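Undergrad: What follows is run09.txt, made up of compact mmCIF, C-alpha atoms and all ligand atoms:
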# COMPACT_ATOMS: atom_id res chain seq x y z
CA MET J 6 91.00 115.07 112.28
CA ASN J 7 87.33 115.95 112.09
CA PHE J 8 85.26 112.76 112.47
CA MET J 9 82.91 113.97 109.71
CA GLU J 10 85.76 113.98 107.16
CA LYS J 11 85.60 110.19 107.07
CA GLU J 12 81.91 110.21 106.22
CA LYS J 13 82.29 112.40 103.14
CA PRO J 14 81.68 110.66 99.81
CA ILE J 15 84.24 109.55 97.23
CA GLY J 16 83.95 111.69 94.07
CA VAL J 17 84.32 110.06 90.65
CA PHE J 18 84.11 111.74 87.25
CA ASP J 19 84.28 110.83 83.58
CA SER J 20 83.13 112.28 80.27
CA GLY J 21 80.13 109.94 80.21
CA ILE J 22 79.09 106.43 81.08
CA GLY J 23 82.62 104.95 81.08
CA GLY J 24 83.48 105.97 84.63
CA LEU J 25 80.75 103.67 85.88
CA THR J 26 83.20 100.85 85.21
CA VAL J 27 85.37 102.46 87.89
CA VAL J 28 82.45 103.14 90.28
CA LYS J 29 81.64 99.44 90.08
CA ARG J 30 85.19 98.51 91.07
CA VAL J 31 85.41 101.09 93.86
CA ALA J 32 82.03 100.02 95.27
CA SER J 33 83.03 96.37 95.24
CA ILE J 34 86.15 96.89 97.36
CA LEU J 35 84.76 99.76 99.47
CA PRO J 36 81.09 98.74 99.80
CA THR J 37 80.26 101.00 102.74
CA GLU J 38 81.62 104.21 101.18
CA ASN J 39 79.21 106.74 99.66
CA ILE J 40 80.03 107.69 96.07
CA VAL J 41 79.11 110.79 94.04
CA TYR J 42 79.51 110.30 90.30
CA PHE J 43 79.59 112.96 87.63
CA GLY J 44 79.41 112.01 83.94
CA ASP J 45 79.75 114.89 81.50
CA THR J 46 77.32 113.31 79.01
CA ALA J 47 76.56 116.68 77.38
CA ARG J 48 80.19 117.07 76.26
CA VAL J 49 81.27 113.46 75.67
CA PRO J 50 83.60 112.49 73.98
CA TYR J 51 86.64 114.13 75.54
CA GLY J 52 89.01 111.86 73.62
CA GLY J 53 89.15 113.90 70.41
CA LYS J 54 89.39 117.30 72.08
CA SER J 55 92.52 119.37 72.61
CA ASN J 56 94.52 119.03 75.82
CA THR J 57 93.49 122.58 76.83
CA THR J 58 89.79 121.80 76.51
CA VAL J 59 90.12 118.50 78.39
CA VAL J 60 91.94 120.30 81.23
CA GLU J 61 89.25 123.00 81.33
CA TYR J 62 86.39 120.47 81.42
CA SER J 63 88.18 118.30 84.00
CA MET J 64 88.62 121.30 86.32
CA GLN J 65 84.90 122.05 86.05
CA ASP J 66 83.98 118.41 86.70
CA ALA J 67 86.25 118.29 89.75
CA LYS J 68 84.85 121.60 91.07
CA PHE J 69 81.38 120.11 90.80
CA LEU J 70 82.47 117.11 92.86
CA MET J 71 84.12 119.42 95.43
CA SER J 72 80.79 121.24 95.73
CA LYS J 73 79.40 117.86 96.87
CA ASN J 74 82.02 117.81 99.61
CA VAL J 75 84.02 114.80 98.47
CA LYS J 76 87.07 113.49 100.36
CA VAL J 77 88.92 112.20 97.29
CA ILE J 78 88.59 112.70 93.54
CA VAL J 79 88.88 109.72 91.23
CA VAL J 80 89.56 110.78 87.65
CA ALA J 81 87.76 107.83 86.06
CA CYS J 82 88.74 109.03 82.61
CA ASN J 83 92.05 108.10 81.03
CA THR J 84 91.87 111.09 78.70
CA ALA J 85 91.54 113.50 81.61
CA SER J 86 94.15 111.55 83.59
CA SER J 87 96.57 111.88 80.65
CA VAL J 88 96.50 115.67 80.53
CA ALA J 89 94.82 117.18 83.59
CA LEU J 90 96.17 115.34 86.62
CA ASP J 91 98.85 117.89 87.56
CA ASP J 92 96.43 120.82 87.32
CA LEU J 93 93.81 118.97 89.34
CA ARG J 94 96.32 118.06 92.04
CA LYS J 95 97.48 121.68 92.27
CA ALA J 96 93.95 123.07 92.41
CA PHE J 97 92.29 120.83 95.01
CA ASN J 98 93.28 119.94 98.54
CA VAL J 99 92.05 116.34 98.42
CA PRO J 100 93.85 113.30 96.97
CA VAL J 101 93.34 113.06 93.19
CA ILE J 102 93.68 109.54 91.78
CA GLY J 103 94.04 108.96 88.04
CA MET J 104 93.94 105.88 85.85
CA ILE J 105 97.30 105.83 84.08
CA GLU J 106 99.91 104.95 86.74
CA PRO J 107 97.71 102.28 88.40
CA GLY J 108 96.93 100.75 84.98
CA ALA J 109 100.57 100.83 83.88
CA ASP J 110 101.70 99.12 87.06
CA PHE J 111 98.92 96.51 86.75
CA ALA J 112 99.94 95.75 83.14
CA LEU J 113 103.57 95.23 84.15
CA LYS J 114 102.47 92.79 86.86
CA HIS J 115 100.65 90.70 84.25
CA THR J 116 102.96 90.64 81.27
CA VAL J 117 105.25 87.65 80.90
CA THR J 118 106.69 88.40 77.47
CA GLY J 119 107.13 92.16 78.05
CA ARG J 120 105.04 92.96 74.96
CA ILE J 121 102.15 95.23 76.00
CA GLY J 122 99.44 96.77 73.84
CA VAL J 123 97.55 99.91 74.83
CA ILE J 124 94.26 101.10 73.36
CA GLY J 125 92.66 104.42 74.22
CA THR J 126 91.21 107.64 72.88
CA ASN J 127 93.14 109.84 70.43
CA THR J 128 94.13 112.20 73.24
CA THR J 129 95.44 109.42 75.51
CA ILE J 130 97.33 107.71 72.69
CA ASN J 131 98.69 110.91 71.10
CA ASN J 132 100.03 111.99 74.50
CA HIS J 133 101.64 108.51 74.90
CA ALA J 134 100.36 108.53 78.47
CA TYR J 135 100.60 104.77 79.07
CA LEU J 136 103.75 104.31 77.03
CA LYS J 137 105.54 106.89 79.19
CA ALA J 138 104.14 105.54 82.47
CA ILE J 139 105.01 101.92 81.60
CA LYS J 140 108.50 102.78 80.32
CA LYS J 141 109.15 104.84 83.45
CA LEU J 142 108.48 101.78 85.57
CA ASN J 143 110.29 99.38 83.25
CA PRO J 144 112.22 100.71 80.24
CA ASP J 145 112.84 97.19 78.90
CA VAL J 146 109.27 96.31 77.90
CA GLU J 147 107.83 97.01 74.47
CA VAL J 148 104.64 99.05 74.22
CA PHE J 149 102.41 99.22 71.15
CA GLU J 150 99.65 101.86 71.01
CA LYS J 151 96.44 102.17 69.02
CA ALA J 152 93.69 104.76 69.27
CA CYS J 153 90.16 103.30 69.04
CA PRO J 154 87.91 106.39 69.22
CA LEU J 155 84.74 104.72 67.92
CA PHE J 156 84.63 102.40 70.94
CA VAL J 157 83.37 105.34 73.06
CA PRO J 158 80.12 106.03 71.11
CA LEU J 159 79.57 102.27 70.77
CA ALA J 160 79.70 101.92 74.56
CA GLU J 161 77.53 105.04 75.09
CA GLU J 162 74.98 103.55 72.66
CA GLY J 163 75.03 100.20 74.46
CA TRP J 164 76.24 98.32 71.36
CA ILE J 165 77.98 95.91 73.64
CA GLU J 166 78.01 92.85 71.36
CA SER J 167 76.60 94.01 68.05
CA LYS J 168 77.92 92.93 64.68
CA ALA J 169 79.16 96.46 63.98
CA THR J 170 81.16 96.43 67.21
CA TYR J 171 82.89 93.18 66.16
CA LEU J 172 83.70 94.63 62.74
CA ILE J 173 85.10 97.86 64.17
CA ALA J 174 87.08 95.93 66.79
CA GLU J 175 88.55 93.64 64.10
CA GLU J 176 89.60 96.69 62.09
CA TYR J 177 91.14 98.57 65.00
CA LEU J 178 92.88 95.61 66.60
CA LYS J 179 94.32 93.84 63.58
CA GLU J 180 97.76 95.46 63.88
CA LEU J 181 97.98 94.64 67.59
CA LYS J 182 96.97 91.04 66.88
CA ASP J 183 100.01 90.65 64.63
CA LEU J 184 102.39 92.06 67.24
CA ASN J 185 102.34 89.08 69.61
CA ILE J 186 101.38 91.04 72.70
CA ASP J 187 100.36 89.08 75.82
CA THR J 188 98.73 92.00 77.66
CA LEU J 189 96.35 94.70 76.43
CA VAL J 190 95.58 97.79 78.51
CA LEU J 191 92.00 99.02 78.12
CA GLY J 192 93.19 102.62 78.33
CA CYS J 193 89.75 104.17 78.34
CA THR J 194 87.14 103.56 81.01
CA HIS J 195 84.47 103.01 78.35
CA TYR J 196 86.29 99.97 76.96
CA PRO J 197 85.58 97.44 79.74
CA ILE J 198 81.93 97.74 78.59
CA LEU J 199 83.10 96.18 75.28
CA ALA J 200 85.51 93.72 76.95
CA LYS J 201 83.76 90.60 75.64
CA VAL J 202 84.17 91.66 72.01
CA ILE J 203 87.74 92.90 72.53
CA GLN J 204 88.70 89.63 74.24
CA GLU J 205 87.17 87.54 71.46
CA VAL J 206 88.92 89.53 68.76
CA MET J 207 92.31 89.45 70.53
CA GLY J 208 92.00 85.79 71.58
CA GLU J 209 92.16 84.14 75.00
CA GLY J 210 95.95 84.34 75.13
CA VAL J 211 95.88 88.10 75.65
CA LYS J 212 95.20 89.39 79.17
CA LEU J 213 92.97 92.50 79.23
CA ILE J 214 93.91 95.11 81.83
CA ASP J 215 91.09 97.14 83.35
CA SER J 216 92.79 100.19 84.91
CA GLY J 217 89.67 100.76 87.02
CA ILE J 218 90.49 97.67 89.09
CA ALA J 219 93.98 98.96 89.79
CA ALA J 220 92.76 102.52 90.49
CA ALA J 221 90.08 101.26 92.90
CA SER J 222 92.70 99.49 94.94
CA ILE J 223 94.78 102.71 95.06
CA VAL J 224 91.69 104.58 96.34
CA LYS J 225 91.40 102.06 99.18
CA THR J 226 95.10 102.23 100.03
CA GLU J 227 95.06 106.04 99.99
CA LEU J 228 91.97 106.33 102.22
CA GLU J 229 93.54 103.88 104.68
CA ARG J 230 96.84 105.77 104.58
CA ILE J 231 95.24 109.11 105.45
CA GLY J 232 92.77 107.54 107.89
CA PHE J 233 89.72 108.63 105.88
CA CYS J 234 87.80 105.33 105.57
CA THR J 235 84.17 105.55 106.66
CA ASN J 236 83.16 104.08 110.02
CA SER J 237 79.81 103.03 108.56
CA PHE J 238 78.79 99.37 108.31
CA SER J 239 75.78 99.94 106.06
CA PRO J 240 75.94 99.78 102.24
CA GLY J 241 77.13 103.05 100.72
CA ILE J 242 74.78 105.32 98.80
CA GLN J 243 75.62 106.18 95.19
CA ASP J 244 74.48 109.48 93.68
CA PHE J 245 74.74 109.94 89.93
CA TYR J 246 74.88 113.35 88.27
CA ILE J 247 75.12 113.83 84.51
CA SER J 248 75.16 116.95 82.36
CA ASP J 249 72.61 115.57 79.91
CA ILE J 250 70.20 112.67 80.21
CA PRO J 251 70.40 110.75 76.94
CA GLN J 252 67.40 108.47 76.42
CA LYS J 253 69.41 105.31 76.82
CA PHE J 254 71.63 106.36 79.71
CA LYS J 255 69.66 104.69 82.48
CA GLU J 256 69.00 101.53 80.48
CA ILE J 257 72.69 101.03 79.67
CA ALA J 258 73.92 102.15 83.07
CA ASP J 259 71.51 99.73 84.81
CA ILE J 260 72.70 96.81 82.69
CA PHE J 261 76.28 97.70 83.27
CA MET J 262 76.02 98.27 87.01
CA GLY J 263 73.86 95.14 87.37
CA LYS J 264 71.18 97.02 89.32
CA PRO J 265 68.77 99.89 88.70
CA LEU J 266 70.45 103.22 89.39
CA GLU J 267 68.52 105.50 91.69
CA PHE J 268 69.22 109.20 92.13
CA ILE J 269 70.26 110.15 88.59
CA ARG J 270 70.16 113.93 88.40
CA LYS J 271 70.91 116.40 85.65
CA VAL J 272 73.43 119.17 86.22
CA ASP J 273 72.96 122.32 84.22
CA ILE J 274 76.04 122.84 82.05
CA GLU J 275 75.91 126.64 82.58
CA LYS J 276 75.99 126.06 86.31
CA LEU J 277 78.92 123.70 85.89
CA ILE J 278 80.90 126.28 83.90
CA SER J 279 80.18 129.03 86.42
CA LEU J 280 81.39 127.04 89.46
N1 LIG G 1 86.18 107.32 79.28
C1 LIG G 1 87.16 108.24 78.92
C2 LIG G 1 88.55 107.70 78.99
O1 LIG G 1 88.81 106.88 79.84
C3 LIG G 1 86.93 109.20 77.80
C4 LIG G 1 86.20 108.79 76.60
C5 LIG G 1 85.89 110.03 75.77
O2 LIG G 1 85.16 110.86 76.27
O3 LIG G 1 86.41 110.13 74.66
O4 LIG G 1 89.42 108.09 78.26
Rewrite the structure from the file as structure tokens, please.
TA:
Amino acid sequence: MNFMEKEKPIGVFDSGIGGLTVVKRVASILPTENIVYFGDTARVPYGGKSNTTVVEYSMQDAKFLMSKNVKVIVVACNTASSVALDDLRKAFNVPVIGMIEPGADFALKHTVTGRIGVIGTNTTINNHAYLKAIKKLNPDVEVFEKACPLFVPLAEEGWIESKATYLIAEEYLKELKDLNIDTLVLGCTHYPILAKVIQEVMGEGVKLIDSGIAAASIVKTELERIGFCTNSFSPGIQDFYISDIPQKFKEIADIFMGKPLEFIRKVDIEKLISL
């Protein structure tokens, strides 16, 4: 194996800011790895778009990451993971890691009562991505799904704890609250940004599952398995590319990542499409 292969960055993409929740997890367990992030902020949200469009956008996002010479692609978007994983795996000759299977497995490890709730975008919920993945691993558990599409713009706007966010969360989650679940999968990478509100509304008795934590550990296992972990001992560099620079992006991203983000660059959408 070429020594340089190990020093290539890890590629991560999402429709917007949500995938940063995954970057944070990957960076915390693989601190010396370089990461290239792409957030398709010009075309967010993906969660209300058709499967065909999400596949098309995901292929473009992944091609962009491949142009940055990545050694693995992390699909830090549950919506894209729900519908585009097979196409991505066929198209690219690097490991492609999605959110759904790791999150499903993580939820099953945490549930005691076997009553699991899943929240996500319309696309993720309508495709029953988590329900199928959880039932495949354990057909005996009960899974209750609810789409919460407004959580994505709330997270993108940085309305992390606002009154409106509480009201919307109360409205969306009331059915799940009555269903006696003990575990709730945050089936969209934007949702951990709103975890405090979601936890308060659901109550302390419900364990929130962040699929990003589970996916990050799969990234580590996979890199170790194929012998592609970096040999570097210095902190990894993170490069952020987005397809539009909304005014608040840096402010919210800095708060969320807990440090100022350097190297945020805009990618021209026309260039992205033509890759
Ligand atoms: N963060 C993404 C997800 O995990 C998509 C949100 C959206 O663009 O609708 O599903």
Undergrad: Using all atoms listed in the file, which residue out of J:Phe69, J:Phe111, J:Tyr196, J:Tyr246 lies closest to ligand LIG 1 (chain G)?
TA: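 Ranked by minimum distance to ligand LIG 1 (chain G), first place goes to J:Tyr196.
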Undergrad: List all protein, DNA and RNA residues that have any atom at most 7 Å from ligand LIG 1 (chain G), counting only C-alpha atoms and all ligand atoms, and write the list as a PyMOL selection string.
TA: chain J and resi 19-21+23-24+49-53+81-85+125-126+129+154+157+192-195
Undergrad: Of the candidates J:Ser86, J:Lys179, J:Asn236, J:Ser216, which shows the shortest atom-to-atom distance to J:Leu113, using only C-alpha atoms?
TA: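 That would be J:Ser216, the residue with the smallest distance to J:Leu113.
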Undergrad: When you count all atoms listed in the file, which of these residues is closest to J:Leu191: J:Ile250, J:Val123, J:Leu266, J:Met207?
TA: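 Between J:Ile250, J:Val123, J:Leu266, J:Met207, the residue approaching J:Leu191 most closely is J:Val123.
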Undergrad: With a cut-off of 12 Å, could you pull out the residues of stretch 180-277 of chain J touching stretch 160-172 of chain J and give me the nearest pair of atoms for each, distance in Å to one decimal, using all atoms listed in the file, ordered by chain and ascending number, as CSV?
TA:
residue,atom,partner,partner_atom,distance
J:Cys193,CA,J:Ala160,CA,11.0
J:Thr194,CA,J:Ala160,CA,10.0
J:His195,CA,J:Ala160,CA,6.2
J:Tyr196,CA,J:Ala160,CA,7.3
J:Pro197,CA,J:Ala160,CA,9.0
J:Ile198,CA,J:Ala160,CA,6.2
J:Leu199,CA,J:Ile165,CA,5.4
J:Ala200,CA,J:Ile165,CA,8.5
J:Lys201,CA,J:Glu166,CA,7.5
J:Val202,CA,J:Tyr171,CA,6.2
J:Ile203,CA,J:Tyr171,CA,8.0
J:Gln204,CA,J:Tyr171,CA,10.6
J:Glu205,CA,J:Tyr171,CA,8.8
J:Val206,CA,J:Tyr171,CA,7.5
J:Met207,CA,J:Tyr171,CA,11.0
J:Ile250,CA,J:Glu161,CA,11.8
J:Pro251,CA,J:Glu161,CA,9.3
J:Gln252,CA,J:Glu162,CA,9.8
J:Lys253,CA,J:Glu162,CA,7.2
J:Phe254,CA,J:Glu161,CA,7.6
J:Lys255,CA,J:Gly163,CA,10.6
J:Glu256,CA,J:Gly163,CA,8.6
J:Ile257,CA,J:Gly163,CA,5.8
J:Ala258,CA,J:Gly163,CA,8.9
J:Asp259,CA,J:Gly163,CA,10.9
J:Ile260,CA,J:Gly163,CA,9.2
J:Phe261,CA,J:Gly163,CA,9.2
Undergrad: For J:Ala220, which of J:Met64, J:Val79, J:Arg48, J:Glu176 is the closest residue, counting only C-alpha atoms?
TA: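 Result for the nearest residue to J:Ala220: J:Val79.
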Undergrad: Which neighbours of J:Leu93 fall inside 9 Å, counting only C-alpha atoms, when residues of the same chain fewer than 3 positions from it are skipped, and could you give them as an MDAnalysis selection string?
TA: chainID J and resid 60 63:64 67 89:90 96:97 101
Undergrad: Generate the output file for the selected residues, C-alpha atoms, as a PDB file, keeping the file's coordinate frame.
TA:
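Output contents, as saved in result.pdb:
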ATOM      1  CA  VAL J  60      91.940 120.300  81.230  1.00  0.00           C
ATOM      2  CA  SER J  63      88.180 118.300  84.000  1.00  0.00           C
ATOM      3  CA  MET J  64      88.620 121.300  86.320  1.00  0.00           C
ATOM      4  CA  ALA J  67      86.250 118.290  89.750  1.00  0.00           C
ATOM      5  CA  ALA J  89      94.820 117.180  83.590  1.00  0.00           C
ATOM      6  CA  LEU J  90      96.170 115.340  86.620  1.00  0.00           C
ATOM      7  CA  ALA J  96      93.950 123.070  92.410  1.00  0.00           C
ATOM      8  CA  PHE J  97      92.290 120.830  95.010  1.00  0.00           C
ATOM      9  CA  VAL J 101      93.340 113.060  93.190  1.00  0.00           C
TER      10      VAL J 101
END
Undergrad: Can you tell me, as a PyMOL selection string, what residues are no more than 12 Å from J:Ser72 when counting all atoms listed in the file, ignoring any on the same chain fewer than 3 positions away?
TA: chain J and resi 13-14+16+41+43+65-69+75-76+78+97+276-277+280
Undergrad: Nearest to J:Val59: which of J:Thr128, J:Lys73, J:Pro100, J:Leu228 is it, counting all atoms listed in the file?
TA: J:Thr128
Undergrad: Within 9 Å of stretch 230-232 of chain J, counting all atoms listed in the file, which residues show up once you throw out same-chain ones fewer than 3 positions away? Write them as a ChimeraX atom specification, please.
TA: /J:6,11,225-227,235
Undergrad: Between J:Phe18, J:Gly44, J:Glu106, J:Met9, which residue has the minimum interatomic distance to J:Ala219, considering only C-alpha atoms?
TA: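 Looking at the shortest contact to J:Ala219, the residue is J:Glu106.
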Undergrad: Mind giving me the straight-line distance from atom CA of J:Asn131 to atom CA of J:Thr58 in Å, one decimal?
TA: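 These two atoms are separated by 15.1 Å.
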Undergrad: Within 8 Å of stretch 118-122 of chain J, counting only C-alpha atoms, which residues qualify if same-chain residues fewer than 4 places away don't, as a list in words?
TA: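 My reading of the contact set: Ala112, Leu113, Asp145, Val146, Glu147, Val148, Phe149, Glu150, Lys151, Leu181, Asn185, Ile186, Asp187, Thr188, Leu189 and Val190 of chain J.
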Undergrad: Quote the spacing between atom CA of J:Ile242 and atom CA of J:Thr46 in Å to one decimal place.
TA: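 Atom CA of J:Ile242 sits 21.5 Å away from atom CA of J:Thr46.
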